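J.: Have a look at this one.
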Amino acid sequence: MSDVLIPGLLIAAEICDQFQSENTRISFDEIQRICATDAWKDIDNHEVAHIHGCKARAASEIAAFLRRMAVEKGGAK
C-alpha cells in the first residue's frame, strides 16, 4: 500500500469518529427527550434514538477497521 494512502485512511477514521460522536449525541438527546415525557411508553417513539445509535456503532466499527488497515499496511514495509 502506498505511503500516501495510509494518512488518508487515518483521516477517514477521524471523520468516522466525528460521525459516531454526533450520532451518539443525537441518540442520547432523543432518549432524554422521550424520557422527559410519557412518550417512552410507546415503542415507536424510540425509533430515532435507535437509528442514530446504530449509525454510531457502525461508524465506530468502520473507524476501527480503517485504523487496523493503516497499521497493518504501514508496518508491512
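Residues are named by chain letter and number: chains run A, B, ... in the order of the C-alpha cells, numbers start at 1 in each chain, and ligands are numbered from 1 in the order shown.
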Do a neighbour search on His46 of chain A at 12 Å with only C-alpha atoms, toss out local chain neighbours closer than 5 positions, and write the hits as a PDB file with C-alpha atoms, in the first residue's frame.

T.:
ATOM      1  CA  SER A  27     -29.375   9.396  20.211  1.00  0.00           C
ATOM      2  CA  PHE A  28     -28.744  10.458  23.814  1.00  0.00           C
ATOM      3  CA  ASP A  29     -30.636  13.740  23.359  1.00  0.00           C
ATOM      4  CA  GLU A  30     -33.556  11.865  21.828  1.00  0.00           C
ATOM      5  CA  ILE A  31     -33.637   9.390  24.718  1.00  0.00           C
ATOM      6  CA  GLN A  32     -33.634  12.259  27.210  1.00  0.00           C
ATOM      7  CA  ARG A  33     -36.489  13.940  25.309  1.00  0.00           C
ATOM      8  CA  ILE A  34     -38.529  10.749  25.274  1.00  0.00           C
ATOM      9  CA  CYS A  35     -37.930  10.034  28.957  1.00  0.00           C
ATOM     10  CA  ASP A  38     -44.869   9.899  28.612  1.00  0.00           C
ATOM     11  CA  ALA A  39     -43.605   9.227  25.074  1.00  0.00           C
ATOM     12  CA  TRP A  40     -41.305   6.456  26.378  1.00  0.00           C
ATOM     13  CA  LYS A  41     -44.370   4.220  26.796  1.00  0.00           C
ATOM     14  CA  ILE A  51     -31.356   4.544  14.333  1.00  0.00           C
ATOM     15  CA  HIS A  52     -28.759   7.063  15.500  1.00  0.00           C
ATOM     16  CA  GLY A  53     -27.353   4.532  17.957  1.00  0.00           C
TER      17      GLY A  53
END

J.: For Ala56 of chain A, find every residue with an atom within 9 Å (counting only C-alpha atoms), except residues of its own chain fewer than 4 positions away, and show them as a ChimeraX atom specification.

T.: /A:16-17,19-24,27,51-52,60-61

J.: Which residues, written as an NGL selection string, have at least one atom at most 12 Å from Ile62 of chain A, with only C-alpha atoms counted and residues fewer than 2 positions away on the same chain left out?

T.: :A and (9-10 or 12-20 or 55-60 or 64-69)
